[in-house]
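Next comes final.txt, with compact mmCIF, C-alpha atoms (C1' of nucleotides).
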```
# COMPACT_ATOMS: atom_id res chain seq x y z
CA MET A 144 137.68 56.15 99.01
CA PHE A 145 139.63 54.87 101.95
CA ARG A 146 136.72 52.93 103.35
CA ILE A 147 136.22 49.41 104.52
CA SER A 148 133.78 47.71 102.18
CA ARG A 149 130.11 47.63 103.05
CA LEU A 150 130.25 43.87 103.31
CA THR A 151 132.96 44.12 105.93
CA ASP A 152 130.95 46.66 107.83
CA TYR A 153 127.98 44.30 107.77
CA GLY A 154 130.22 41.52 108.95
CA ILE A 155 131.29 43.46 112.00
CA VAL A 156 127.69 44.28 112.80
CA LEU A 157 126.75 40.61 112.56
CA LEU A 158 129.63 39.53 114.74
CA ALA A 159 128.67 42.17 117.28
CA HIS A 160 125.17 40.74 117.37
CA LEU A 161 126.59 37.31 118.04
CA ALA A 162 128.91 38.69 120.68
CA ARG A 163 126.05 40.27 122.55
CA GLU A 164 123.91 37.16 122.58
CA ALA A 165 126.66 34.70 123.20
CA ASP A 166 124.60 31.91 124.61
CA GLY A 167 125.92 28.59 123.41
CA ALA A 168 123.12 28.09 120.90
CA PRO A 169 123.76 28.70 117.20
CA HIS A 170 122.02 31.61 115.49
CA ASN A 171 120.91 31.06 111.96
CA ALA A 172 121.36 33.40 109.02
CA ARG A 173 117.69 34.28 108.75
CA GLU A 174 117.54 35.40 112.33
CA LEU A 175 120.71 37.47 112.07
CA ALA A 176 119.54 39.05 108.85
CA ALA A 177 116.31 40.11 110.49
CA GLN A 178 118.08 41.55 113.51
CA ALA A 179 120.54 43.50 111.41
CA ASN A 180 117.89 44.49 108.91
CA LEU A 181 119.87 43.18 105.97
CA PRO A 182 118.95 40.98 103.00
CA LEU A 183 119.33 37.28 103.71
CA PRO A 184 121.56 36.35 100.76
CA VAL A 185 124.05 39.00 101.72
CA VAL A 186 124.13 37.89 105.32
CA SER A 187 124.54 34.30 104.22
CA LYS A 188 127.47 35.13 102.04
CA ILE A 189 129.22 37.03 104.80
CA LEU A 190 128.66 34.34 107.40
CA LYS A 191 130.03 31.74 105.03
CA HIS A 192 133.15 33.82 104.53
CA LEU A 193 133.66 34.35 108.23
CA THR A 194 133.25 30.65 108.86
CA HIS A 195 135.74 29.79 106.18
CA GLN A 196 138.21 32.20 107.75
CA GLY A 197 137.80 30.64 111.15
CA LEU A 198 136.01 33.42 112.96
CA LEU A 199 132.73 31.56 113.15
CA VAL A 200 131.78 27.94 113.65
CA SER A 201 128.77 26.61 111.83
CA GLN A 202 126.25 23.93 112.53
CA ARG A 203 124.21 22.45 109.71
CA GLY A 204 120.74 21.07 109.79
CA VAL A 205 117.44 21.98 111.27
CA LYS A 206 118.63 23.56 114.49
CA GLY A 207 121.81 24.81 112.90
CA GLY A 208 123.34 28.23 112.65
CA TYR A 209 126.48 30.15 113.49
CA GLY A 210 128.41 30.96 116.62
CA LEU A 211 131.62 32.77 117.44
CA ALA A 212 134.68 30.58 117.17
CA ARG A 213 136.32 32.46 120.04
CA GLU A 214 135.43 34.81 122.82
CA PRO A 215 134.67 38.34 121.68
CA ARG A 216 137.68 39.65 123.56
CA HIS A 217 139.91 37.44 121.46
CA ILE A 218 138.58 38.56 118.12
CA SER A 219 140.14 41.73 116.76
CA VAL A 220 138.72 44.18 114.27
CA SER A 221 141.76 43.78 112.06
CA GLU A 222 141.12 40.06 111.91
CA ILE A 223 137.58 40.65 110.77
CA ILE A 224 138.71 43.07 108.09
CA ALA A 225 141.43 40.67 106.99
CA ALA A 226 138.93 37.83 106.82
CA LEU A 227 136.53 39.71 104.59
CA GLU A 228 138.77 41.79 102.38
CA GLY A 229 142.33 40.60 102.75
CA PRO A 230 145.21 41.75 104.87
CA ILE A 231 145.40 45.37 105.88
CA ALA A 232 147.67 47.14 103.43
CA LEU A 233 147.09 50.83 102.90
CA THR A 234 149.37 50.82 99.88
CA GLU A 235 150.40 48.09 97.49
CA CYS A 236 153.95 48.08 98.73
CA THR A 237 152.92 47.22 102.27
CA LEU A 238 151.63 43.89 101.02
CA GLY A 239 155.21 42.79 100.74
CA PRO A 240 158.07 42.94 98.24
CA GLY A 241 157.22 42.52 94.59
CA HIS A 242 153.79 44.07 94.61
CA CYS A 243 154.70 47.57 93.56
CA ASP A 244 156.95 48.03 90.57
CA GLN A 245 158.15 51.37 91.87
CA GLU A 246 159.73 49.58 94.78
CA SER A 247 163.31 50.21 93.75
CA VAL A 248 162.91 53.91 93.14
CA CYS A 249 160.27 54.86 95.70
CA ALA A 250 161.51 56.54 98.84
CA LEU A 251 158.23 56.20 100.68
CA ARG A 252 158.17 52.48 101.23
CA SER A 253 159.60 52.58 104.70
CA PRO A 254 157.29 55.32 105.99
CA TRP A 255 154.31 53.47 104.63
CA GLN A 256 155.40 50.29 106.34
CA ARG A 257 155.45 52.10 109.62
CA ILE A 258 152.11 53.85 109.09
CA ASN A 259 150.52 50.61 108.05
CA GLN A 260 151.91 48.82 111.04
CA VAL A 261 150.62 51.43 113.44
CA ILE A 262 147.12 51.43 112.02
CA GLY A 263 147.08 47.67 111.72
CA ASP A 264 148.17 47.32 115.30
CA ALA A 265 145.52 49.77 116.38
CA LEU A 266 142.79 47.72 114.75
CA GLY A 267 144.43 44.55 115.99
CA ARG A 268 144.19 45.76 119.52
CA LEU A 269 140.55 46.67 119.25
CA THR A 270 138.41 43.67 120.08
CA LEU A 271 134.86 42.68 119.32
CA ALA A 272 134.17 42.80 123.03
CA GLU A 273 135.12 46.45 123.16
CA LEU A 274 132.88 47.25 120.21
CA THR A 275 129.81 46.01 122.00
CA HIS A 276 130.34 48.51 124.78
CA PRO A 277 130.83 52.20 124.10
CA LEU A 278 134.51 53.06 123.82
CA PRO A 279 135.79 55.31 126.55
CA GLU A 280 136.25 58.90 125.50
CA ASP A 281 140.01 58.73 125.82
CA TRP A 282 140.39 55.38 124.13
CA LEU A 283 143.63 55.03 122.24
CA PRO A 284 144.42 51.81 120.50
CA PHE A 285 148.05 51.83 121.52
CA PRO A 286 150.05 50.26 124.22
CA SER A 287 151.81 52.35 126.73
CA PRO A 288 155.52 51.65 126.14
CA ARG A 289 155.62 49.27 129.12
CA GLU A 290 153.21 46.68 127.83
CA ASP A 291 154.89 46.67 124.48
CA ALA A 292 155.98 43.10 125.02
CA GLU A 293 152.72 41.37 124.28
CA ARG A 294 151.27 42.03 120.84
CA VAL A 295 148.12 40.90 119.14
CA PRO A 296 149.17 39.49 115.77
CA LEU A 297 147.71 41.14 112.73
CA GLY A 298 145.16 39.13 110.86
CA VAL A 299 146.56 37.97 107.57
CA LYS A 300 144.44 36.25 105.02
CA GLY A 301 145.49 32.71 104.24
CA MET B 235 140.29 46.39 99.94
CA PHE B 236 141.03 48.94 102.62
CA ARG B 237 143.59 50.73 100.56
CA ILE B 238 144.20 54.29 99.56
CA SER B 239 143.72 54.56 95.83
CA ARG B 240 146.70 54.30 93.56
CA LEU B 241 146.16 57.87 92.42
CA THR B 242 146.41 59.08 95.99
CA ASP B 243 149.56 57.09 96.47
CA TYR B 244 151.02 58.70 93.37
CA GLY B 245 149.97 62.08 94.67
CA ILE B 246 151.88 61.60 97.88
CA VAL B 247 154.94 60.52 95.96
CA LEU B 248 154.73 63.60 93.78
CA LEU B 249 154.32 65.89 96.74
CA ALA B 250 157.27 64.25 98.41
CA HIS B 251 159.36 64.96 95.35
CA LEU B 252 158.34 68.60 95.50
CA ALA B 253 159.05 68.72 99.19
CA ARG B 254 162.55 67.47 98.71
CA GLU B 255 163.42 69.93 95.98
CA ALA B 256 161.67 72.88 97.46
CA ASP B 257 163.56 75.60 95.72
CA GLY B 258 161.26 78.42 94.78
CA ALA B 259 161.10 77.47 91.12
CA PRO B 260 158.07 75.66 89.76
CA HIS B 261 158.42 72.07 88.57
CA ASN B 262 156.41 71.06 85.56
CA ALA B 263 154.37 67.93 85.14
CA ARG B 264 156.69 66.39 82.59
CA GLU B 265 159.65 66.64 84.91
CA LEU B 266 157.75 65.22 87.87
CA ALA B 267 156.39 62.38 85.78
CA ALA B 268 159.89 61.46 84.71
CA GLN B 269 161.23 61.56 88.25
CA ALA B 270 158.42 59.45 89.60
CA ASN B 271 158.44 57.15 86.59
CA LEU B 272 154.74 57.62 85.95
CA PRO B 273 152.75 58.38 82.78
CA LEU B 274 152.42 62.08 82.11
CA PRO B 275 148.61 62.27 81.73
CA VAL B 276 148.16 60.64 85.11
CA VAL B 277 150.60 62.99 86.79
CA SER B 278 148.90 65.94 85.14
CA LYS B 279 145.52 64.90 86.41
CA ILE B 280 146.77 64.48 89.95
CA LEU B 281 148.60 67.79 90.00
CA LYS B 282 145.50 69.54 88.74
CA HIS B 283 143.46 68.01 91.55
CA LEU B 284 145.97 68.97 94.18
CA THR B 285 146.08 72.51 92.86
CA HIS B 286 142.33 72.75 92.89
CA GLN B 287 142.31 71.57 96.49
CA GLY B 288 144.83 74.15 97.52
CA LEU B 289 147.82 71.97 98.23
CA LEU B 290 149.75 73.16 95.21
CA VAL B 291 150.13 76.47 93.46
CA SER B 292 150.50 76.50 89.71
CA GLN B 293 152.16 78.76 87.23
CA ARG B 294 151.14 78.66 83.60
CA GLY B 295 153.21 79.33 80.56
CA VAL B 296 156.60 78.43 79.27
CA LYS B 297 158.45 78.45 82.55
CA GLY B 298 155.43 77.30 84.47
CA GLY B 299 154.86 74.34 86.72
CA TYR B 300 153.79 73.47 90.23
CA GLY B 301 155.03 74.20 93.71
CA LEU B 302 153.88 73.43 97.22
CA ALA B 303 151.31 75.86 98.53
CA ARG B 304 152.71 75.49 102.05
CA GLU B 305 155.77 74.22 103.79
CA PRO B 306 156.01 70.42 103.90
CA ARG B 307 155.72 70.46 107.66
CA HIS B 308 152.32 72.10 107.34
CA ILE B 309 150.88 69.60 104.90
CA SER B 310 149.43 66.49 106.48
CA VAL B 311 148.90 63.09 104.94
CA SER B 312 145.22 63.18 105.83
CA GLU B 313 144.89 66.41 103.90
CA ILE B 314 146.42 64.83 100.85
CA ILE B 315 144.12 61.84 101.09
CA ALA B 316 141.15 64.11 101.61
CA ALA B 317 142.13 66.20 98.63
CA LEU B 318 142.34 63.24 96.27
CA GLU B 319 139.60 60.93 97.48
CA GLY B 320 137.42 62.79 99.90
CA PRO B 321 137.34 62.99 103.66
CA ILE B 322 138.60 60.08 105.70
CA ALA B 323 135.63 57.95 106.65
CA LEU B 324 136.25 54.30 107.30
CA THR B 325 132.53 53.60 107.29
CA GLU B 326 129.61 55.40 105.70
CA CYS B 327 128.24 56.49 109.03
CA THR B 328 131.39 58.39 109.92
CA LEU B 329 130.72 60.74 107.03
CA GLY B 330 128.00 62.28 109.13
CA PRO B 331 124.32 61.73 109.93
CA GLY B 332 122.07 60.63 107.10
CA HIS B 333 124.55 58.60 105.13
CA CYS B 334 123.79 55.16 106.52
CA ASP B 335 120.19 54.04 106.70
CA GLN B 336 120.98 51.70 109.55
CA GLU B 337 121.82 54.68 111.69
CA SER B 338 118.85 54.37 114.01
CA VAL B 339 119.31 50.69 114.72
CA CYS B 340 123.08 50.29 114.55
CA ALA B 341 124.91 50.12 117.82
CA LEU B 342 128.33 50.54 116.30
CA ARG B 343 128.14 54.12 115.18
CA SER B 344 129.81 55.56 118.22
CA PRO B 345 132.73 53.14 118.27
CA TRP B 346 133.34 53.79 114.59
CA GLN B 347 133.34 57.51 115.19
CA ARG B 348 136.06 57.09 117.74
CA ILE B 349 138.11 54.71 115.60
CA ASN B 350 137.81 57.01 112.64
CA GLN B 351 138.81 59.99 114.69
CA VAL B 352 141.89 58.26 116.03
CA ILE B 353 143.10 57.12 112.64
CA GLY B 354 142.23 60.43 111.03
CA ASP B 355 144.14 62.26 113.73
CA ALA B 356 147.08 59.97 113.25
CA LEU B 357 147.25 60.76 109.57
CA GLY B 358 146.58 64.39 110.29
CA ARG B 359 149.58 64.56 112.54
CA LEU B 360 151.88 62.98 110.01
CA THR B 361 153.35 65.64 107.77
CA LEU B 362 154.89 65.63 104.34
CA ALA B 363 158.12 66.77 105.92
CA GLU B 364 158.23 63.64 108.05
CA LEU B 365 157.63 61.44 105.04
CA THR B 366 160.73 62.69 103.31
CA HIS B 367 162.89 61.53 106.15
CA PRO B 368 162.74 58.00 107.52
CA LEU B 369 160.32 57.76 110.40
CA PRO B 370 161.92 56.93 113.72
CA GLU B 371 161.49 53.35 114.80
CA ASP B 372 159.25 54.29 117.71
CA TRP B 373 157.16 56.78 115.80
CA LEU B 374 153.59 57.00 116.99
CA PRO B 375 151.22 59.44 115.43
CA PHE B 376 149.63 60.38 118.71
CA PRO B 377 150.09 63.11 121.16
CA SER B 378 151.30 62.40 124.60
CA PRO B 379 148.45 63.40 126.92
CA ARG B 380 150.19 66.70 127.75
CA GLU B 381 150.19 68.24 124.30
CA ASP B 382 146.59 67.28 123.77
CA ALA B 383 145.63 70.92 123.57
CA GLU B 384 146.83 71.69 120.08
CA ARG B 385 145.28 69.59 117.31
CA VAL B 386 145.83 69.48 113.60
CA PRO B 387 142.42 69.74 111.95
CA LEU B 388 141.43 66.86 109.71
CA GLY B 389 141.35 67.61 106.04
CA VAL B 390 137.79 67.72 104.81
CA LYS B 391 136.97 67.99 101.16
CA GLY B 392 135.02 71.09 100.27
C1' DA C 119 111.21 11.20 104.14
C1' DT C 120 110.70 15.90 104.89
C1' DT C 121 112.17 20.08 106.49
C1' DT C 122 115.58 23.31 107.69
C1' DA C 123 120.00 25.04 107.48
C1' DC C 124 124.72 25.62 105.81
C1' DG C 125 128.40 24.90 101.66
C1' DG C 126 130.19 26.33 97.45
C1' DG C 127 129.75 28.18 93.65
C1' DA C 128 128.43 31.03 89.39
C1' DC C 129 126.40 34.98 87.76
C1' DT C 130 124.83 39.85 86.95
C1' DC C 131 124.68 44.81 87.66
C1' DC C 132 126.69 48.89 89.03
C1' DT C 133 130.09 52.07 90.75
C1' DT C 134 134.69 53.37 91.12
C1' DT C 135 139.14 53.61 89.49
C1' DG C 136 142.93 54.16 86.32
C1' DG C 137 144.20 56.09 82.37
C1' DT C 138 143.96 58.79 77.86
C1' DC C 139 143.00 62.66 75.00
C1' DC C 140 141.61 67.17 73.33
C1' DG C 141 140.67 72.07 72.80
C1' DA C 142 141.21 76.47 75.39
C1' DT C 143 143.99 79.73 77.84
C1' DA C 144 148.01 81.88 79.98
C1' DT C 145 152.95 83.01 79.83
C1' DC C 146 157.59 83.50 78.10
C1' DC C 147 160.86 84.35 74.48
C1' DT C 148 162.36 85.90 70.12
C1' DA D 367 153.31 89.77 66.87
C1' DG D 368 153.77 84.98 66.98
C1' DG D 369 155.35 80.56 68.20
C1' DA D 370 156.51 77.38 71.96
C1' DT D 371 155.38 75.51 76.27
C1' DA D 372 152.59 75.05 80.28
C1' DT D 373 148.48 74.50 82.84
C1' DC D 374 142.97 74.23 82.81
C1' DG D 375 138.91 71.89 82.37
C1' DG D 376 136.61 68.76 80.56
C1' DA D 377 134.92 64.33 78.26
C1' DC D 378 135.76 59.77 77.48
C1' DC D 379 136.68 54.71 77.94
C1' DA D 380 138.17 50.19 79.64
C1' DA D 381 139.06 47.34 83.52
C1' DA D 382 138.39 46.01 88.14
C1' DG D 383 136.00 45.57 92.40
C1' DG D 384 131.88 45.67 95.09
C1' DA D 385 127.11 44.42 96.11
C1' DG D 386 123.72 41.43 95.63
C1' DT D 387 121.03 37.24 93.84
C1' DC D 388 120.36 32.50 92.83
C1' DC D 389 120.88 27.53 92.51
C1' DC D 390 122.12 22.96 93.68
C1' DG D 391 124.37 19.89 96.89
C1' DT D 392 124.84 18.10 101.62
C1' DA D 393 124.18 17.57 106.62
C1' DA D 394 121.21 17.23 110.67
C1' DA D 395 116.87 16.93 113.31
C1' DT D 396 112.16 15.24 113.59
```
Taking this structure as input, can you express it in the form of structure tokens?
Amino acid sequence: MFRISRLTDYGIVLLAHLAREADGAPHNARELAAQANLPLPVVSKILKHLTHQGLLVSQRGVKGGYGLAREPRHISVSEIIAALEGPIALTECTLGPGHCDQESVCALRSPWQRINQVIGDALGRLTLAELTHPLPEDWLPFPSPREDAERVPLGVKG
Amino acid sequence: MFRISRLTDYGIVLLAHLAREADGAPHNARELAAQANLPLPVVSKILKHLTHQGLLVSQRGVKGGYGLAREPRHISVSEIIAALEGPIALTECTLGPGHCDQESVCALRSPWQRINQVIGDALGRLTLAELTHPLPEDWLPFPSPREDAERVPLGVKG
DNA sequence: ATTTACGGGACTCCTTTGGTCCGATATCCT
DNA sequence: AGGATATCGGACCAAAGGAGTCCCGTAAAT
């Protein structure tokens, strides 16, 4: 259906919550679940994933909870997606050689690579910080040719 | 997994085949299946869908088969995706009001709308004709600000 | 020691997807 | 007319992925 999974969507919402209330103190799963109006087990699972992938840091024990591992402006949407559902690959072949058995006969591999790169870059450029403020009407997730030098790396699942 | 479905991928491949050999004559499912190295029943199913959605025209009978309903340069990738797996909506909320029950409390609806629009536009701008030739290295699926006037409408499933 | 929280699983249910198959209908050719 | 070859329109099924729950272990604070 060409959709990010619901879990990933939840994850972004949770991270946005944390980004907004980025005091140093950890926020526990129960609290985040209540704020986001989501079932606790689901929220727990997502937070665990995000911690494992290095987007969150966790603190155990009575006053424990979760906090962002980095500043919101250094966390990209593509990273979040990659953390929760694997690297961004619109088609199998964009995952790398050997994934699609039509590789040798398919003429569309190269176009797909480019499409995937463009969309991946777009989501890689979009940060959590930007999500917490309304995007400007003319927002485009692409560099003007000048600033092409510096690129945010695409999140790739380990 | 943030992927277009395999069926959609196949569909694009099949359409690309038809775009390349766009003589007036219809091409039957058996022939296309052989060219694309895919099982016939699958190809049949896809072609039927695409016909139903208006991207292909069909001809029954002994010399029957399928042909593009429009010129390749007037068929967009987003249309193909929309035809085979519904309108492009990265999240539930971008499908329109009433789909996500978090609507009233979620602060991310507006950013997602914008993201979805940008990606949808990108795929709406990319045509079948372009797919059959290698994309230029600097291809970006976005208008320069000047040509912003004319927009390819996003494919939306009926 | 008790309480509170995360850590790491396993596990189940449900929807979607990928794929097959069949009878009906239209067209062409002999 | 009649057979051959297509598409048409379904139903159907198995496998995979997604969503969600639950349990037990461990760490930290009081």
**Study point:** Coordinates-based distance that separates C1' of DC131 (chain C) from CA of Leu342 (chain B) (Å, one decimal)
**Key:** 29.4 Å
Select from chain A every residue with an atom at most 6 Å from any atom of chain B, then for each give the shortest pair of atoms and their distance in Å to one decimal, using all atoms listed in the file, rows by chain and rising number, as CSV.
```
residue,atom,partner,partner_atom,distance
A:Met144,CA,B:Glu319,CA,5.4
A:Phe145,CA,B:Ile238,CA,5.2
A:Arg146,CA,B:Leu324,CA,4.2
A:Ile147,CA,B:Phe236,CA,5.2
A:Glu228,CA,B:Met235,CA,5.4
A:Leu233,CA,B:Arg237,CA,4.2
A:Thr234,CA,B:Arg237,CA,5.8
A:Pro254,CA,B:Leu369,CA,5.9
A:Leu278,CA,B:Pro345,CA,5.8
```
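In terms of minimum interatomic distance to chain A, D:DG384 ranks closest within D:DG391, D:DG369, D:DG384, D:DG376, counting all atoms listed in the file.
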Point to revise | Distance-based interface of chain C with chain A, 10 Å, counting all atoms listed in the file, as a PyMOL selection string | key: chain C and resi 121-126+134-135
Practice item. Compare C:DT120, C:DA142, C:DC147, C:DG136 by their minimum atom-to-atom distance to Lys279 (chain B), counting all atoms listed in the file, and give me the closest one. Key: C:DG136
What are the centre and edge lengths in Å, to one decimal, of the axis-aligned box around all listed atoms of region 137-142 of chain C with 3 Å added on each side, as AutoDock Vina command-line options?
```
--center_x 142.4 --center_y 66.3 --center_z 77.6 --size_x 9.5 --size_y 26.4 --size_z 15.6
```
Got a sec to align chain A on chain B by every in-order Cα pair and hand back the fitted coordinates as a short mmCIF file (atom, residue, chain, number, x, y, z; two decimals) with C-alpha atoms, keeping the file's coordinate frame?
```cif
data_model
loop_
_atom_site.label_atom_id
_atom_site.label_comp_id
_atom_site.auth_asym_id
_atom_site.auth_seq_id
_atom_site.Cartn_x
_atom_site.Cartn_y
_atom_site.Cartn_z
CA MET A 144 140.33 46.36 100.05
CA PHE A 145 141.04 48.95 102.67
CA ARG A 146 143.62 50.73 100.58
CA ILE A 147 144.20 54.29 99.57
CA SER A 148 143.73 54.55 95.82
CA ARG A 149 146.73 54.30 93.55
CA LEU A 150 146.18 57.86 92.42
CA THR A 151 146.42 59.06 95.99
CA ASP A 152 149.58 57.09 96.48
CA TYR A 153 151.03 58.70 93.37
CA GLY A 154 149.98 62.06 94.68
CA ILE A 155 151.90 61.60 97.89
CA VAL A 156 154.96 60.51 95.96
CA LEU A 157 154.75 63.61 93.78
CA LEU A 158 154.33 65.90 96.74
CA ALA A 159 157.30 64.25 98.42
CA HIS A 160 159.37 64.97 95.34
CA LEU A 161 158.36 68.60 95.51
CA ALA A 162 159.07 68.72 99.22
CA ARG A 163 162.58 67.46 98.71
CA GLU A 164 163.44 69.93 95.99
CA ALA A 165 161.70 72.89 97.48
CA ASP A 166 163.59 75.59 95.71
CA GLY A 167 161.26 78.42 94.81
CA ALA A 168 161.11 77.47 91.14
CA PRO A 169 158.05 75.67 89.78
CA HIS A 170 158.41 72.08 88.59
CA ASN A 171 156.40 71.09 85.60
CA ALA A 172 154.33 67.95 85.15
CA ARG A 173 156.65 66.41 82.59
CA GLU A 174 159.60 66.67 84.89
CA LEU A 175 157.73 65.24 87.86
CA ALA A 176 156.36 62.41 85.77
CA ALA A 177 159.85 61.47 84.67
CA GLN A 178 161.21 61.57 88.20
CA ALA A 179 158.40 59.46 89.58
CA ASN A 180 158.42 57.17 86.57
CA LEU A 181 154.73 57.64 85.92
CA PRO A 182 152.72 58.40 82.77
CA LEU A 183 152.36 62.11 82.10
CA PRO A 184 148.57 62.27 81.77
CA VAL A 185 148.14 60.63 85.13
CA VAL A 186 150.57 62.98 86.79
CA SER A 187 148.86 65.93 85.16
CA LYS A 188 145.50 64.89 86.43
CA ILE A 189 146.76 64.47 89.97
CA LEU A 190 148.58 67.78 90.02
CA LYS A 191 145.48 69.53 88.76
CA HIS A 192 143.46 68.00 91.57
CA LEU A 193 145.98 68.96 94.21
CA THR A 194 146.07 72.50 92.90
CA HIS A 195 142.32 72.74 92.94
CA GLN A 196 142.32 71.54 96.54
CA GLY A 197 144.84 74.14 97.56
CA LEU A 198 147.82 71.95 98.26
CA LEU A 199 149.76 73.14 95.24
CA VAL A 200 150.11 76.47 93.48
CA SER A 201 150.46 76.49 89.74
CA GLN A 202 152.14 78.75 87.27
CA ARG A 203 151.09 78.71 83.64
CA GLY A 204 153.15 79.39 80.59
CA VAL A 205 156.54 78.52 79.30
CA LYS A 206 158.44 78.47 82.56
CA GLY A 207 155.43 77.30 84.50
CA GLY A 208 154.85 74.36 86.75
CA TYR A 209 153.79 73.46 90.26
CA GLY A 210 155.02 74.21 93.74
CA LEU A 211 153.88 73.42 97.25
CA ALA A 212 151.32 75.85 98.58
CA ARG A 213 152.73 75.48 102.09
CA GLU A 214 155.78 74.19 103.84
CA PRO A 215 156.04 70.41 103.93
CA ARG A 216 155.73 70.43 107.70
CA HIS A 217 152.34 72.08 107.38
CA ILE A 218 150.91 69.60 104.94
CA SER A 219 149.44 66.47 106.50
CA VAL A 220 148.93 63.07 104.95
CA SER A 221 145.26 63.16 105.83
CA GLU A 222 144.91 66.40 103.91
CA ILE A 223 146.44 64.82 100.85
CA ILE A 224 144.14 61.82 101.09
CA ALA A 225 141.15 64.09 101.62
CA ALA A 226 142.14 66.19 98.62
CA LEU A 227 142.36 63.23 96.28
CA GLU A 228 139.63 60.91 97.48
CA GLY A 229 137.40 62.76 99.89
CA PRO A 230 137.33 62.99 103.64
CA ILE A 231 138.59 60.09 105.68
CA ALA A 232 135.61 57.97 106.65
CA LEU A 233 136.23 54.30 107.27
CA THR A 234 132.51 53.61 107.28
CA GLU A 235 129.60 55.41 105.71
CA CYS A 236 128.23 56.49 109.04
CA THR A 237 131.38 58.40 109.94
CA LEU A 238 130.70 60.75 107.06
CA GLY A 239 127.99 62.28 109.16
CA PRO A 240 124.31 61.73 109.95
CA GLY A 241 122.07 60.63 107.13
CA HIS A 242 124.56 58.62 105.15
CA CYS A 243 123.81 55.20 106.53
CA ASP A 244 120.21 54.08 106.70
CA GLN A 245 120.99 51.71 109.55
CA GLU A 246 121.83 54.69 111.69
CA SER A 247 118.86 54.37 114.01
CA VAL A 248 119.31 50.69 114.73
CA CYS A 249 123.08 50.30 114.54
CA ALA A 250 124.92 50.13 117.83
CA LEU A 251 128.34 50.54 116.29
CA ARG A 252 128.14 54.13 115.19
CA SER A 253 129.82 55.56 118.23
CA PRO A 254 132.75 53.12 118.24
CA TRP A 255 133.33 53.79 114.58
CA GLN A 256 133.35 57.52 115.18
CA ARG A 257 136.07 57.07 117.71
CA ILE A 258 138.13 54.69 115.57
CA ASN A 259 137.82 56.99 112.62
CA GLN A 260 138.84 59.97 114.67
CA VAL A 261 141.91 58.24 116.00
CA ILE A 262 143.11 57.10 112.61
CA GLY A 263 142.26 60.42 111.03
CA ASP A 264 144.16 62.24 113.71
CA ALA A 265 147.10 59.93 113.24
CA LEU A 266 147.28 60.73 109.55
CA GLY A 267 146.60 64.37 110.30
CA ARG A 268 149.59 64.51 112.53
CA LEU A 269 151.89 62.94 110.01
CA THR A 270 153.37 65.61 107.78
CA LEU A 271 154.92 65.62 104.35
CA ALA A 272 158.14 66.75 105.95
CA GLU A 273 158.27 63.62 108.07
CA LEU A 274 157.65 61.42 105.05
CA THR A 275 160.75 62.67 103.31
CA HIS A 276 162.91 61.50 106.17
CA PRO A 277 162.73 57.96 107.51
CA LEU A 278 160.30 57.72 110.41
CA PRO A 279 161.90 56.89 113.71
CA GLU A 280 161.45 53.30 114.78
CA ASP A 281 159.24 54.24 117.70
CA TRP A 282 157.15 56.75 115.81
CA LEU A 283 153.60 56.94 117.03
CA PRO A 284 151.23 59.39 115.47
CA PHE A 285 149.65 60.38 118.75
CA PRO A 286 150.10 63.15 121.17
CA SER A 287 151.20 62.47 124.65
CA PRO A 288 148.25 63.55 126.82
CA ARG A 289 149.98 66.83 127.69
CA GLU A 290 150.13 68.30 124.22
CA ASP A 291 146.55 67.38 123.60
CA ALA A 292 145.62 71.03 123.40
CA GLU A 293 146.87 71.77 119.93
CA ARG A 294 145.36 69.65 117.17
CA VAL A 295 145.93 69.51 113.46
CA PRO A 296 142.50 69.74 111.85
CA LEU A 297 141.46 66.87 109.67
CA GLY A 298 141.36 67.57 105.99
CA VAL A 299 137.81 67.67 104.77
CA LYS A 300 136.97 67.94 101.14
CA GLY A 301 135.10 71.07 100.18
#
```
**Study point:** Test item: chain D residues at most 8 Å from chain A, counting all atoms listed in the file, as a PyMOL selection string
**Key:** chain D and resi 384-387+393-395
Practice item. Using only C-alpha atoms (C1' of nucleotides), find the one residue out of C:DA128, C:DA119, C:DC146, C:DC140 that sits nearest to DA370 (chain D). Key: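 So, comparing all the options, the nearest one is C:DC146.
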Check your understanding: CA of Arg163 (chain A) to CA of Ala272 (chain A): how many Å, to one decimal?
Key -> 8.5 Å
Review point. CA of Gly258 (chain B) to CA of Leu290 (chain B): how many Å, to one decimal?
Key: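 Here the two named atoms are 12.7 Å from each other.
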Generate the missing atoms of region 156-161 of chain A up to N, CA and C atoms and report them as an mmCIF file, in the frame of the given file.
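Everything below was put into selection-v3.cif:
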```
data_model
loop_
_atom_site.group_PDB
_atom_site.id
_atom_site.type_symbol
_atom_site.label_atom_id
_atom_site.label_comp_id
_atom_site.auth_asym_id
_atom_site.auth_seq_id
_atom_site.Cartn_x
_atom_site.Cartn_y
_atom_site.Cartn_z
ATOM 1 N N VAL A 156 128.992 44.145 112.131
ATOM 2 C CA VAL A 156 127.690 44.280 112.800
ATOM 3 C C VAL A 156 127.154 42.906 113.203
ATOM 4 N N LEU A 157 127.260 41.955 112.276
ATOM 5 C CA LEU A 157 126.750 40.610 112.560
ATOM 6 C C LEU A 157 127.516 39.965 113.702
ATOM 7 N N LEU A 158 128.814 40.108 113.669
ATOM 8 C CA LEU A 158 129.630 39.530 114.740
ATOM 9 C C LEU A 158 129.298 40.187 116.078
ATOM 10 N N ALA A 159 129.029 41.467 116.039
ATOM 11 C CA ALA A 159 128.670 42.170 117.280
ATOM 12 C C ALA A 159 127.365 41.630 117.845
ATOM 13 N N HIS A 160 126.420 41.357 116.941
ATOM 14 C CA HIS A 160 125.170 40.740 117.370
ATOM 15 C C HIS A 160 125.450 39.423 118.087
ATOM 16 N N LEU A 161 126.272 38.613 117.454
ATOM 17 C CA LEU A 161 126.590 37.310 118.040
ATOM 18 C C LEU A 161 127.327 37.459 119.365
#
```
